[in-house]
file input33.cif (mmCIF, C-alpha atoms)
data_run
#
loop_
_atom_site.group_PDB
_atom_site.id
_atom_site.type_symbol
_atom_site.label_atom_id
_atom_site.label_comp_id
_atom_site.auth_asym_id
_atom_site.auth_seq_id
_atom_site.Cartn_x
_atom_site.Cartn_y
_atom_site.Cartn_z
ATOM 1 C CA MET A 1 112.647 108.097 88.367
ATOM 2 C CA ILE A 2 114.692 109.712 85.594
ATOM 3 C CA SER A 3 112.576 110.488 82.534
ATOM 4 C CA LYS A 4 113.063 112.638 79.451
ATOM 5 C CA THR A 5 109.536 114.044 79.758
ATOM 6 C CA LYS A 6 109.903 115.584 83.228
ATOM 7 C CA TYR A 7 110.024 119.382 83.091
ATOM 8 C CA LEU A 8 112.138 120.282 86.120
ATOM 9 C CA LEU A 9 112.046 123.879 87.360
ATOM 10 C CA SER A 10 114.032 126.135 89.684
ATOM 11 C CA ASP A 11 112.644 127.169 93.072
ATOM 12 C CA ASP A 12 112.375 130.761 91.864
ATOM 13 C CA ILE A 13 110.112 129.794 88.972
ATOM 14 C CA ILE A 14 107.973 127.642 91.256
ATOM 15 C CA ARG A 15 107.608 130.569 93.654
ATOM 16 C CA SER A 16 106.426 132.762 90.779
ATOM 17 C CA MET A 17 103.850 130.126 89.808
ATOM 18 C CA PHE A 18 102.469 130.044 93.337
ATOM 19 C CA LYS A 19 102.442 133.831 93.452
ATOM 20 C CA LYS A 20 100.269 133.822 90.332
ATOM 21 C CA ALA A 21 97.945 131.409 92.140
ATOM 22 C CA GLY A 22 97.748 133.816 95.091
ATOM 23 C CA ILE A 23 99.841 131.661 97.430
ATOM 24 C CA ASP A 24 102.937 133.112 99.091
ATOM 25 C CA LYS A 25 105.215 132.622 102.118
ATOM 26 C CA ILE A 26 106.583 129.357 100.779
ATOM 27 C CA THR A 27 108.906 127.602 103.221
ATOM 28 C CA LYS A 28 109.748 124.379 101.401
ATOM 29 C CA ILE A 29 109.968 123.010 97.840
ATOM 30 C CA ALA A 30 110.887 119.380 97.213
ATOM 31 C CA PRO A 31 110.428 116.765 94.437
ATOM 32 C CA LEU A 32 107.588 114.358 95.165
ATOM 33 C CA GLY A 33 106.499 110.877 94.137
ATOM 34 C CA ASP A 34 107.545 108.063 91.857
ATOM 35 C CA GLY A 35 105.975 109.442 88.678
ATOM 36 C CA GLU A 36 107.724 109.047 85.346
ATOM 37 C CA PHE A 37 105.900 111.502 83.074
ATOM 38 C CA ASN A 38 105.073 114.772 84.835
ATOM 39 C CA ALA A 39 107.303 116.705 87.211
ATOM 40 C CA VAL A 40 105.728 116.831 90.676
ATOM 41 C CA TYR A 41 106.730 118.931 93.697
ATOM 42 C CA GLU A 42 105.559 119.205 97.275
ATOM 43 C CA VAL A 43 105.340 122.852 98.235
ATOM 44 C CA THR A 44 104.765 124.050 101.790
ATOM 45 C CA ALA A 45 103.202 127.444 102.517
ATOM 46 C CA ASP A 46 100.125 127.890 104.737
ATOM 47 C CA LYS A 47 99.700 124.132 104.187
ATOM 48 C CA ASN A 48 101.156 121.399 102.020
ATOM 49 C CA TYR A 49 100.422 121.587 98.296
ATOM 50 C CA VAL A 50 101.275 119.490 95.258
ATOM 51 C CA LEU A 51 102.453 121.209 92.087
ATOM 52 C CA LYS A 52 102.111 119.091 88.963
ATOM 53 C CA ILE A 53 103.811 120.146 85.726
ATOM 54 C CA ALA A 54 103.245 118.602 82.294
ATOM 55 C CA PRO A 55 106.163 118.058 79.916
ATOM 56 C CA ASN A 56 107.506 121.085 78.047
ATOM 57 C CA ALA A 57 105.346 121.781 75.001
ATOM 58 C CA LYS A 58 108.349 121.036 72.756
ATOM 59 C CA THR A 59 109.062 117.626 74.309
ATOM 60 C CA PRO A 60 107.992 114.659 72.143
ATOM 61 C CA ILE A 61 105.292 112.573 73.825
ATOM 62 C CA LEU A 62 102.863 109.829 72.815
ATOM 63 C CA THR A 63 99.660 110.753 70.999
ATOM 64 C CA TYR A 64 97.374 109.844 73.891
ATOM 65 C CA GLU A 65 99.535 111.891 76.294
ATOM 66 C CA LYS A 66 98.811 115.205 74.543
ATOM 67 C CA ASP A 67 96.676 117.490 76.726
ATOM 68 C CA MET A 68 96.627 114.729 79.322
ATOM 69 C CA MET A 69 96.798 117.203 82.203
ATOM 70 C CA LYS A 70 93.491 118.721 81.129
ATOM 71 C CA ALA A 71 92.116 115.193 80.981
ATOM 72 C CA GLU A 72 93.297 114.545 84.532
ATOM 73 C CA LEU A 73 91.254 117.457 85.852
ATOM 74 C CA TYR A 74 88.244 116.199 83.893
ATOM 75 C CA TRP A 75 88.508 112.743 85.451
ATOM 76 C CA TYR A 76 88.954 114.142 88.954
ATOM 77 C CA GLY A 77 85.645 115.893 88.419
ATOM 78 C CA ILE A 78 83.948 112.739 87.150
ATOM 79 C CA ILE A 79 85.167 110.697 90.124
ATOM 80 C CA ARG A 80 84.255 113.393 92.631
ATOM 81 C CA LYS A 81 80.741 113.806 91.210
ATOM 82 C CA ASN A 82 79.823 110.141 90.773
ATOM 83 C CA THR A 83 81.579 108.166 93.534
ATOM 84 C CA ASP A 84 82.636 108.402 97.183
ATOM 85 C CA ILE A 85 86.296 107.832 96.249
ATOM 86 C CA ARG A 86 88.458 110.552 97.741
ATOM 87 C CA VAL A 87 90.571 112.497 95.263
ATOM 88 C CA PRO A 88 92.568 115.698 95.864
ATOM 89 C CA ALA A 89 90.977 119.121 95.592
ATOM 90 C CA VAL A 90 92.382 121.248 92.773
ATOM 91 C CA TYR A 91 93.148 124.834 93.822
ATOM 92 C CA TYR A 92 94.564 126.406 90.677
ATOM 93 C CA CYS A 93 95.329 125.426 87.086
ATOM 94 C CA ASP A 94 97.127 127.278 84.298
ATOM 95 C CA PHE A 95 97.143 126.248 80.635
ATOM 96 C CA SER A 96 98.211 129.682 79.322
ATOM 97 C CA LYS A 97 101.943 128.877 78.845
ATOM 98 C CA GLU A 98 102.707 132.393 80.177
ATOM 99 C CA LEU A 99 105.171 131.500 82.946
ATOM 100 C CA ILE A 100 106.434 128.201 81.553
ATOM 101 C CA GLN A 101 105.965 126.299 78.298
ATOM 102 C CA ALA A 102 103.748 123.683 79.896
ATOM 103 C CA ASP A 103 100.374 123.136 81.563
ATOM 104 C CA TRP A 104 100.396 122.978 85.345
ATOM 105 C CA PHE A 105 98.120 122.912 88.352
ATOM 106 C CA ILE A 106 98.210 123.069 92.140
ATOM 107 C CA MET A 107 96.248 120.576 94.201
ATOM 108 C CA GLU A 108 95.713 119.289 97.709
ATOM 109 C CA LYS A 109 98.461 117.172 99.255
ATOM 110 C CA LEU A 110 96.717 114.018 100.429
ATOM 111 C CA GLU A 111 98.232 112.232 103.385
ATOM 112 C CA GLY A 112 98.910 108.534 103.315
ATOM 113 C CA LYS A 113 101.282 105.853 102.111
ATOM 114 C CA GLN A 114 101.303 104.043 98.824
ATOM 115 C CA ARG A 115 99.263 100.860 98.879
ATOM 116 C CA ASN A 116 102.367 98.654 98.662
ATOM 117 C CA LYS A 117 104.211 100.521 101.430
ATOM 118 C CA THR A 118 101.714 99.868 104.209
ATOM 119 C CA ASP A 119 101.158 96.988 106.601
ATOM 120 C CA ILE A 120 97.505 96.751 105.605
ATOM 121 C CA ASP A 121 96.157 93.242 105.090
ATOM 122 C CA LYS A 122 96.372 92.263 101.412
ATOM 123 C CA ARG A 123 92.839 90.916 101.466
ATOM 124 C CA LEU A 124 91.534 94.327 102.538
ATOM 125 C CA ILE A 125 93.522 96.016 99.783
ATOM 126 C CA THR A 126 92.078 93.603 97.226
ATOM 127 C CA GLU A 127 88.540 94.171 98.513
ATOM 128 C CA LYS A 128 88.690 97.967 98.743
ATOM 129 C CA THR A 129 90.387 98.435 95.386
ATOM 130 C CA ALA A 130 87.957 96.139 93.558
ATOM 131 C CA LYS A 131 84.942 97.911 95.061
ATOM 132 C CA MET A 132 86.293 101.336 94.118
ATOM 133 C CA VAL A 133 86.917 100.131 90.571
ATOM 134 C CA ALA A 134 83.326 98.914 90.407
ATOM 135 C CA GLN A 135 82.183 102.423 91.347
ATOM 136 C CA ILE A 136 83.868 104.064 88.368
ATOM 137 C CA HIS A 137 82.630 101.290 86.075
ATOM 138 C CA ASN A 138 79.098 102.219 87.072
ATOM 139 C CA ILE A 139 79.774 105.529 85.271
ATOM 140 C CA HIS A 140 78.836 105.215 81.587
ATOM 141 C CA ASN A 141 79.179 107.189 78.368
ATOM 142 C CA ASP A 142 77.924 106.855 74.796
ATOM 143 C CA LYS A 143 81.371 107.367 73.220
ATOM 144 C CA PHE A 144 84.639 105.432 73.610
ATOM 145 C CA GLY A 145 88.298 106.438 73.773
ATOM 146 C CA TYR A 146 90.569 109.103 75.224
ATOM 147 C CA ILE A 147 88.810 112.449 75.651
ATOM 148 C CA GLN A 148 92.045 114.246 74.681
ATOM 149 C CA ASN A 149 92.076 112.434 71.330
ATOM 150 C CA GLU A 150 89.094 111.221 69.319
ATOM 151 C CA LEU A 151 85.964 109.514 70.653
ATOM 152 C CA PHE A 152 84.245 106.687 68.782
ATOM 153 C CA ASP A 153 80.854 105.002 68.616
ATOM 154 C CA ASN A 154 82.106 101.597 69.807
ATOM 155 C CA TRP A 155 85.035 99.963 71.600
ATOM 156 C CA TYR A 156 86.388 98.235 68.498
ATOM 157 C CA GLU A 157 86.889 101.539 66.662
ATOM 158 C CA ALA A 158 88.385 103.203 69.743
ATOM 159 C CA LEU A 159 90.797 100.355 70.524
ATOM 160 C CA TYR A 160 91.857 100.082 66.888
ATOM 161 C CA SER A 161 92.619 103.821 66.855
ATOM 162 C CA ILE A 162 94.536 103.654 70.168
ATOM 163 C CA ILE A 163 96.721 100.808 68.865
ATOM 164 C CA LYS A 164 97.215 102.547 65.516
ATOM 165 C CA ASN A 165 98.290 105.782 67.222
ATOM 166 C CA LEU A 166 100.888 103.918 69.272
ATOM 167 C CA LEU A 167 102.241 102.274 66.126
ATOM 168 C CA ASN A 168 102.485 105.725 64.525
ATOM 169 C CA ASP A 169 104.275 106.999 67.654
ATOM 170 C CA ALA A 170 106.794 104.185 67.250
ATOM 171 C CA LYS A 171 107.260 105.130 63.609
ATOM 172 C CA LYS A 172 107.942 108.769 64.583
ATOM 173 C CA ALA A 173 110.685 107.464 66.868
ATOM 174 C CA GLY A 174 112.157 105.519 63.947
ATOM 175 C CA LYS A 175 110.963 102.157 65.286
ATOM 176 C CA LYS A 176 108.560 99.389 64.328
ATOM 177 C CA SER A 177 106.530 97.046 66.496
ATOM 178 C CA LYS A 178 105.783 93.671 64.934
ATOM 179 C CA ASN A 179 103.900 92.659 68.067
ATOM 180 C CA GLY A 180 101.891 95.860 67.916
ATOM 181 C CA GLU A 181 100.941 95.098 64.308
ATOM 182 C CA ARG A 182 99.945 91.616 65.417
ATOM 183 C CA LEU A 183 97.741 93.084 68.170
ATOM 184 C CA LEU A 184 96.084 95.345 65.598
ATOM 185 C CA LYS A 185 95.243 92.327 63.437
ATOM 186 C CA TYR A 186 93.801 90.508 66.430
ATOM 187 C CA SER A 187 91.516 93.492 67.086
ATOM 188 C CA GLN A 188 90.103 92.989 63.588
ATOM 189 C CA LYS A 189 89.736 89.249 64.170
ATOM 190 C CA TYR A 190 87.695 89.840 67.331
ATOM 191 C CA LYS A 191 85.771 92.843 66.018
ATOM 192 C CA GLU A 192 82.367 91.289 66.724
ATOM 193 C CA ILE A 193 83.251 90.851 70.394
ATOM 194 C CA LEU A 194 84.811 94.282 70.786
ATOM 195 C CA ILE A 195 82.064 96.157 68.974
ATOM 196 C CA ASN A 196 79.475 95.053 71.543
ATOM 197 C CA VAL A 197 81.408 96.027 74.681
ATOM 198 C CA PRO A 198 79.509 98.446 76.988
ATOM 199 C CA CYS A 199 81.173 101.783 77.759
ATOM 200 C CA SER A 200 82.470 102.658 81.241
ATOM 201 C CA MET A 201 85.030 104.929 82.830
ATOM 202 C CA ILE A 202 88.354 103.086 82.887
ATOM 203 C CA ASN A 203 91.363 104.140 84.995
ATOM 204 C CA TYR A 204 93.898 101.605 83.609
ATOM 205 C CA ASP A 205 96.616 103.027 85.864
ATOM 206 C CA LEU A 206 95.774 101.840 89.381
ATOM 207 C CA TRP A 207 99.314 100.848 90.245
ATOM 208 C CA ASP A 208 100.390 100.971 93.880
ATOM 209 C CA ALA A 209 101.755 104.533 93.646
ATOM 210 C CA ASN A 210 98.326 105.897 92.685
ATOM 211 C CA VAL A 211 96.421 104.454 95.660
ATOM 212 C CA LEU A 212 97.107 106.087 99.038
ATOM 213 C CA CYS A 213 96.146 104.546 102.382
ATOM 214 C CA THR A 214 95.613 106.235 105.761
ATOM 215 C CA LYS A 215 94.187 105.235 109.151
ATOM 216 C CA ASN A 216 91.170 107.253 110.292
ATOM 217 C CA GLU A 217 90.104 108.088 113.863
ATOM 218 C CA LYS A 218 88.265 104.760 114.140
ATOM 219 C CA GLY A 219 91.390 102.854 113.206
ATOM 220 C CA GLU A 220 89.919 101.938 109.839
ATOM 221 C CA THR A 221 91.793 102.289 106.550
ATOM 222 C CA ASP A 222 90.783 105.037 104.137
ATOM 223 C CA PHE A 223 91.804 104.837 100.496
ATOM 224 C CA SER A 224 92.403 107.777 98.133
ATOM 225 C CA TRP A 225 93.196 107.974 94.430
ATOM 226 C CA ILE A 226 95.600 110.249 92.587
ATOM 227 C CA ASP A 227 96.688 110.627 88.956
ATOM 228 C CA PRO A 228 93.670 109.428 86.918
ATOM 229 C CA GLU A 229 95.191 111.121 83.867
ATOM 230 C CA ARG A 230 95.394 107.928 81.779
ATOM 231 C CA SER A 231 91.696 107.193 82.140
ATOM 232 C CA PHE A 232 89.487 106.643 79.118
ATOM 233 C CA TRP A 233 85.990 105.556 78.143
ATOM 234 C CA GLY A 234 86.155 101.877 77.293
ATOM 235 C CA ASP A 235 85.987 98.234 78.338
ATOM 236 C CA ARG A 236 85.755 97.787 82.114
ATOM 237 C CA ILE A 237 87.660 94.494 81.925
ATOM 238 C CA PHE A 238 90.836 96.513 81.261
ATOM 239 C CA ASP A 239 90.971 97.752 84.866
ATOM 240 C CA PHE A 240 91.447 94.221 86.170
ATOM 241 C CA LEU A 241 95.018 94.508 84.890
ATOM 242 C CA CYS A 242 95.953 96.422 88.057
ATOM 243 C CA LEU A 243 93.979 94.268 90.478
ATOM 244 C CA GLU A 244 95.870 91.606 92.442
ATOM 245 C CA ASN A 245 98.875 90.294 90.486
ATOM 246 C CA PRO A 246 99.292 92.585 87.430
ATOM 247 C CA MET A 247 100.827 89.736 85.435
ATOM 248 C CA ALA A 248 97.969 87.321 86.119
ATOM 249 C CA LEU A 249 95.212 86.377 83.702
ATOM 250 C CA ILE A 250 91.696 87.430 84.624
ATOM 251 C CA THR A 251 90.801 83.815 85.434
ATOM 252 C CA GLU A 252 93.281 84.102 88.321
ATOM 253 C CA LYS A 253 91.692 87.252 89.777
ATOM 254 C CA THR A 254 88.756 85.536 91.419
ATOM 255 C CA GLU A 255 89.012 87.452 94.721
ATOM 256 C CA SER A 256 88.818 90.820 92.958
ATOM 257 C CA ILE A 257 85.882 89.656 90.858
ATOM 258 C CA LYS A 258 84.066 88.440 93.992
ATOM 259 C CA TYR A 259 84.355 91.828 95.734
ATOM 260 C CA TYR A 260 83.745 93.741 92.513
ATOM 261 C CA ASN A 261 80.460 91.950 91.948
ATOM 262 C CA THR A 262 79.103 93.152 95.296
ATOM 263 C CA VAL A 263 79.173 96.748 94.027
ATOM 264 C CA SER A 264 78.940 96.536 90.235
ATOM 265 C CA HIS A 265 75.586 97.156 88.574
ATOM 266 C CA THR A 266 76.508 94.392 86.118
ATOM 267 C CA PRO A 267 78.458 91.595 87.851
ATOM 268 C CA ILE A 268 81.154 89.786 85.875
ATOM 269 C CA LYS A 269 80.809 86.124 84.953
ATOM 270 C CA LEU A 270 83.979 84.591 83.609
ATOM 271 C CA ASN A 271 83.744 83.147 80.116
ATOM 272 C CA LYS A 272 85.794 82.976 76.917
ATOM 273 C CA GLU A 273 84.668 86.401 75.757
ATOM 274 C CA ILE A 274 85.846 88.014 79.005
ATOM 275 C CA GLU A 275 89.212 86.247 78.659
ATOM 276 C CA ILE A 276 89.627 87.592 75.123
ATOM 277 C CA ARG A 277 88.730 91.131 76.166
ATOM 278 C CA PHE A 278 91.221 90.956 79.017
ATOM 279 C CA ALA A 279 93.903 89.708 76.615
ATOM 280 C CA PHE A 280 93.609 93.051 74.824
ATOM 281 C CA ALA A 281 94.226 94.802 78.170
ATOM 282 C CA LEU A 282 97.473 92.826 78.424
ATOM 283 C CA GLY A 283 98.356 93.521 74.801
ATOM 284 C CA LEU A 284 97.717 97.245 75.058
ATOM 285 C CA ILE A 285 99.862 97.727 78.162
ATOM 286 C CA ALA A 286 102.591 95.751 76.384
ATOM 287 C CA LEU A 287 102.464 98.068 73.375
ATOM 288 C CA ILE A 288 102.437 101.164 75.590
ATOM 289 C CA GLN A 289 105.493 99.926 77.488
ATOM 290 C CA GLU A 290 107.264 99.028 74.271
ATOM 291 C CA VAL A 291 106.757 102.405 72.603
ATOM 292 C CA GLU A 292 106.939 104.766 75.574
ATOM 293 C CA LYS A 293 110.488 103.705 76.434
ATOM 294 C CA TYR A 294 111.695 105.469 73.266
ATOM 295 C CA TYR A 295 110.119 108.715 74.482
ATOM 296 C CA ARG A 296 111.092 108.556 78.168
ATOM 297 C CA TYR A 297 114.319 106.648 78.665
ATOM 298 C CA THR A 298 117.660 105.612 77.248
ATOM 299 C CA PRO A 299 119.242 102.144 77.569
ATOM 300 C CA ARG A 300 121.112 103.536 80.578
ATOM 301 C CA ASN A 301 117.871 103.963 82.539
ATOM 302 C CA PHE A 302 116.169 101.339 84.698
ATOM 303 C CA GLY A 303 112.827 102.213 83.086
ATOM 304 C CA TRP A 304 114.070 101.093 79.668
ATOM 305 C CA TRP A 305 114.861 97.552 80.818
ATOM 306 C CA ARG A 306 111.823 97.297 83.100
ATOM 307 C CA ASN A 307 109.606 98.148 80.137
ATOM 308 C CA ILE A 308 111.319 95.559 77.956
ATOM 309 C CA ALA A 309 110.811 92.819 80.554
ATOM 310 C CA GLY A 310 107.223 93.927 81.088
ATOM 311 C CA HIS A 311 106.134 94.094 77.469
ATOM 312 C CA ILE A 312 107.651 90.717 76.616
ATOM 313 C CA THR A 313 105.660 89.063 79.391
ATOM 314 C CA TYR A 314 102.431 90.904 78.616
ATOM 315 C CA TYR A 315 102.604 90.176 74.887
ATOM 316 C CA ASN A 316 103.232 86.480 75.514
ATOM 317 C CA ARG A 317 100.235 86.163 77.809
ATOM 318 C CA ALA A 318 97.963 88.194 75.543
ATOM 319 C CA PHE A 319 98.828 86.315 72.379
ATOM 320 C CA LYS A 320 98.468 82.914 74.010
ATOM 321 C CA VAL A 321 94.805 83.735 74.642
ATOM 322 C CA LEU A 322 94.158 85.584 71.375
ATOM 323 C CA LYS A 323 95.760 82.863 69.255
ATOM 324 C CA ASN A 324 93.644 80.121 70.797
ATOM 325 C CA GLY A 325 90.442 82.122 71.107
#

call {"tool": "encode", "arguments": {"input": "input33.cif", "output": "structure tokens"}}
result
Amino acid sequence: MISKTKYLLSDDIIRSMFKKAGIDKITKIAPLGDGEFNAVYEVTADKNYVLKIAPNAKTPILTYEKDMMKAELYWYGIIRKNTDIRVPAVYYCDFSKELIQADWFIMEKLEGKQRNKTDIDKRLITEKTAKMVAQIHNIHNDKFGYIQNELFDNWYEALYSIIKNLLNDAKKAGKKSKNGERLLKYSQKYKEILINVPCSMINYDLWDANVLCTKNEKGETDFSWIDPERSFWGDRIFDFLCLENPMALITEKTESIKYYNTVSHTPIKLNKEIEIRFAFALGLIALIQEVEKYYRYTPRNFGWWRNIAGHITYYNRAFKVLKNG
């Protein structure tokens, strides 16, 4: 998709980047994937590689997106060390800005189709995804927030800061978000709930494009993850946003909760507190969609209007819960 943050490069520059990584005899270079932030290429040499390039250092981006490529490598390591979820091997990374004015790395090209582009039974997708999410939620930390920004002692302080940063990002773009201000006030209203939330690894970006499916020799389906760059330490309830219908309330995600509870060290029991915490997951994605469109798109782009439709729906569902909570 067209995006103002993508740093597109010539084949000659890409060849020089691979040469620096010690990889030559390139036979093919082609754009790859449906991403909307980084530029991504498939490069064929002795095997297939993926080259991922962060936005140019001079390109305006959101606060939480700064140094996000370094964060992605961190989260790959966390997943690889603590779970059996397959993620790509990273072969080379460069944050020197010597060849280009951006961070970049080269990783393994995983085979498979996006979760939504397969003929795999939806029940199996729901089960596998929920169980993998439970695995990362079994990974804990004593600080909350984005590692590329500031970490906090509790989820209330971290969430308040994340919302505040997005409001400041809107201000830098010459915009205001009344709904974002409203979400910030709700975080203060529910401080006593948020302050007691346990800390887990949260992906918060498990959309179809980031889950790849393949058939193994036994005819079974293997699942792999890519692009955990938007992960943070926080409230595990937030990851249920991407499970089953992304527009549904958590009370409607009973199948995911059922499978999740078979793996989680702390099974989820639905109650009013869980509903309120999930409402903040809806509210945060709404604010992200609202503000990021100023940094990525113009009104001529599909992404602009998709984000508008998305954040209106998410805000409405979040505030309905938070108002009545």

call {"tool": "atom_distance", "arguments": {"input": "input33.cif", "atom1": "atom CA of A:Ser10", "atom2": "atom CA of A:Ala39"}}
result
11.8 Å

call {"tool": "closest_residue", "arguments": {"input": "input33.cif", "among": "A:Ala209, A:Leu99, A:Ala45, A:Ile13", "to": "A:Ile26", "atoms": "all atoms listed in the file"}}
result
A:Ala45

call {"tool": "residues_around", "arguments": {"input": "input33.cif", "residues": "A:Ala281", "least_positions_apart": "2", "cutoff": "10 Å", "atoms": "all atoms listed in the file", "output": "PyMOL selection string"}}
result
chain A and resi 204+235-241+275-279+283-286+314+318

call {"tool": "residues_around", "arguments": {"input": "input33.cif", "residues": "stretch 79-84 of chain A", "least_positions_apart": "2", "cutoff": "10 Å", "atoms": "all atoms listed in the file", "output": "PyMOL selection string"}}
result
chain A and resi 74-77+86-89+132+134-136+138-139+201+224-225+228

call {"tool": "residues_around", "arguments": {"input": "input33.cif", "residues": "stretch 305-311 of chain A", "least_positions_apart": "6", "cutoff": "10 Å", "atoms": "all atoms listed in the file", "output": "PyMOL selection string"}}
result
chain A and resi 179+247+282-293+297-299+317

call {"tool": "write_last_selection", "arguments": {"input": "input33.cif", "atoms": "C-alpha atoms", "output": "PDB file, keeping the file's coordinate frame"}}
result
ATOM      1  CA  ASN A 179     103.900  92.659  68.067  1.00  0.00           C
ATOM      2  CA  MET A 247     100.827  89.736  85.435  1.00  0.00           C
ATOM      3  CA  LEU A 282      97.473  92.826  78.424  1.00  0.00           C
ATOM      4  CA  GLY A 283      98.356  93.521  74.801  1.00  0.00           C
ATOM      5  CA  LEU A 284      97.717  97.245  75.058  1.00  0.00           C
ATOM      6  CA  ILE A 285      99.862  97.727  78.162  1.00  0.00           C
ATOM      7  CA  ALA A 286     102.591  95.751  76.384  1.00  0.00           C
ATOM      8  CA  LEU A 287     102.464  98.068  73.375  1.00  0.00           C
ATOM      9  CA  ILE A 288     102.437 101.164  75.590  1.00  0.00           C
ATOM     10  CA  GLN A 289     105.493  99.926  77.488  1.00  0.00           C
ATOM     11  CA  GLU A 290     107.264  99.028  74.271  1.00  0.00           C
ATOM     12  CA  VAL A 291     106.757 102.405  72.603  1.00  0.00           C
ATOM     13  CA  GLU A 292     106.939 104.766  75.574  1.00  0.00           C
ATOM     14  CA  LYS A 293     110.488 103.705  76.434  1.00  0.00           C
ATOM     15  CA  TYR A 297     114.319 106.648  78.665  1.00  0.00           C
ATOM     16  CA  THR A 298     117.660 105.612  77.248  1.00  0.00           C
ATOM     17  CA  PRO A 299     119.242 102.144  77.569  1.00  0.00           C
ATOM     18  CA  ARG A 317     100.235  86.163  77.809  1.00  0.00           C
TER      19      ARG A 317
END

call {"tool": "atom_distance", "arguments": {"input": "input33.cif", "atom1": "atom CA of A:Asp205", "atom2": "atom CA of A:Arg230"}}
result
6.5 Å

call {"tool": "atom_distance", "arguments": {"input": "input33.cif", "atom1": "atom CA of A:Gln188", "atom2": "atom CA of A:Glu157"}}
result
9.6 Å

call {"tool": "closest_residue", "arguments": {"input": "input33.cif", "among": "A:Ile274, A:Cys199, A:Val263, A:Ile147", "to": "A:Ser231", "atoms": "all atoms listed in the file"}}
result
A:Ile147

call {"tool": "build_atoms", "arguments": {"input": "input33.cif", "residues": "stretch 261-265 of chain A", "atoms": "all heavy atoms", "output": "PDB file, keeping the file's coordinate frame"}}
result
ATOM      1  N   ASN A 261      81.860  92.287  92.250  1.00  0.00           N
ATOM      2  CA  ASN A 261      80.460  91.950  91.948  1.00  0.00           C
ATOM      3  C   ASN A 261      79.491  92.371  93.043  1.00  0.00           C
ATOM      4  O   ASN A 261      78.281  92.443  92.803  1.00  0.00           O
ATOM      5  CB  ASN A 261      80.329  90.455  91.685  1.00  0.00           C
ATOM      6  CG  ASN A 261      80.867  90.058  90.312  1.00  0.00           C
ATOM      7  OD1 ASN A 261      81.135  90.912  89.469  1.00  0.00           O
ATOM      8  ND2 ASN A 261      81.034  88.765  90.095  1.00  0.00           N
ATOM      9  N   THR A 262      79.987  92.673  94.235  1.00  0.00           N
ATOM     10  CA  THR A 262      79.103  93.152  95.296  1.00  0.00           C
ATOM     11  C   THR A 262      78.711  94.613  95.106  1.00  0.00           C
ATOM     12  O   THR A 262      77.757  95.083  95.743  1.00  0.00           O
ATOM     13  CB  THR A 262      79.774  92.994  96.683  1.00  0.00           C
ATOM     14  OG1 THR A 262      80.920  93.855  96.764  1.00  0.00           O
ATOM     15  CG2 THR A 262      80.188  91.558  96.925  1.00  0.00           C
ATOM     16  N   VAL A 263      79.429  95.324  94.249  1.00  0.00           N
ATOM     17  CA  VAL A 263      79.173  96.748  94.027  1.00  0.00           C
ATOM     18  C   VAL A 263      78.726  97.042  92.599  1.00  0.00           C
ATOM     19  O   VAL A 263      77.924  97.950  92.359  1.00  0.00           O
ATOM     20  CB  VAL A 263      80.444  97.574  94.353  1.00  0.00           C
ATOM     21  CG1 VAL A 263      80.251  99.050  94.012  1.00  0.00           C
ATOM     22  CG2 VAL A 263      80.818  97.417  95.828  1.00  0.00           C
ATOM     23  N   SER A 264      79.224  96.270  91.649  1.00  0.00           N
ATOM     24  CA  SER A 264      78.940  96.536  90.235  1.00  0.00           C
ATOM     25  C   SER A 264      77.455  96.372  89.910  1.00  0.00           C
ATOM     26  O   SER A 264      76.792  95.464  90.395  1.00  0.00           O
ATOM     27  CB  SER A 264      79.761  95.586  89.361  1.00  0.00           C
ATOM     28  OG  SER A 264      79.410  95.731  88.002  1.00  0.00           O
ATOM     29  N   HIS A 265      76.959  97.272  89.056  1.00  0.00           N
ATOM     30  CA  HIS A 265      75.586  97.156  88.574  1.00  0.00           C
ATOM     31  C   HIS A 265      75.424  95.961  87.642  1.00  0.00           C
ATOM     32  O   HIS A 265      74.313  95.451  87.466  1.00  0.00           O
ATOM     33  CB  HIS A 265      75.181  98.434  87.823  1.00  0.00           C
ATOM     34  CG  HIS A 265      75.091  99.640  88.706  1.00  0.00           C
ATOM     35  ND1 HIS A 265      74.982 100.924  88.216  1.00  0.00           N
ATOM     36  CD2 HIS A 265      75.100  99.762  90.071  1.00  0.00           C
ATOM     37  CE1 HIS A 265      74.915 101.779  89.234  1.00  0.00           C
ATOM     38  NE2 HIS A 265      74.987 101.101  90.357  1.00  0.00           N
TER      39      HIS A 265
END
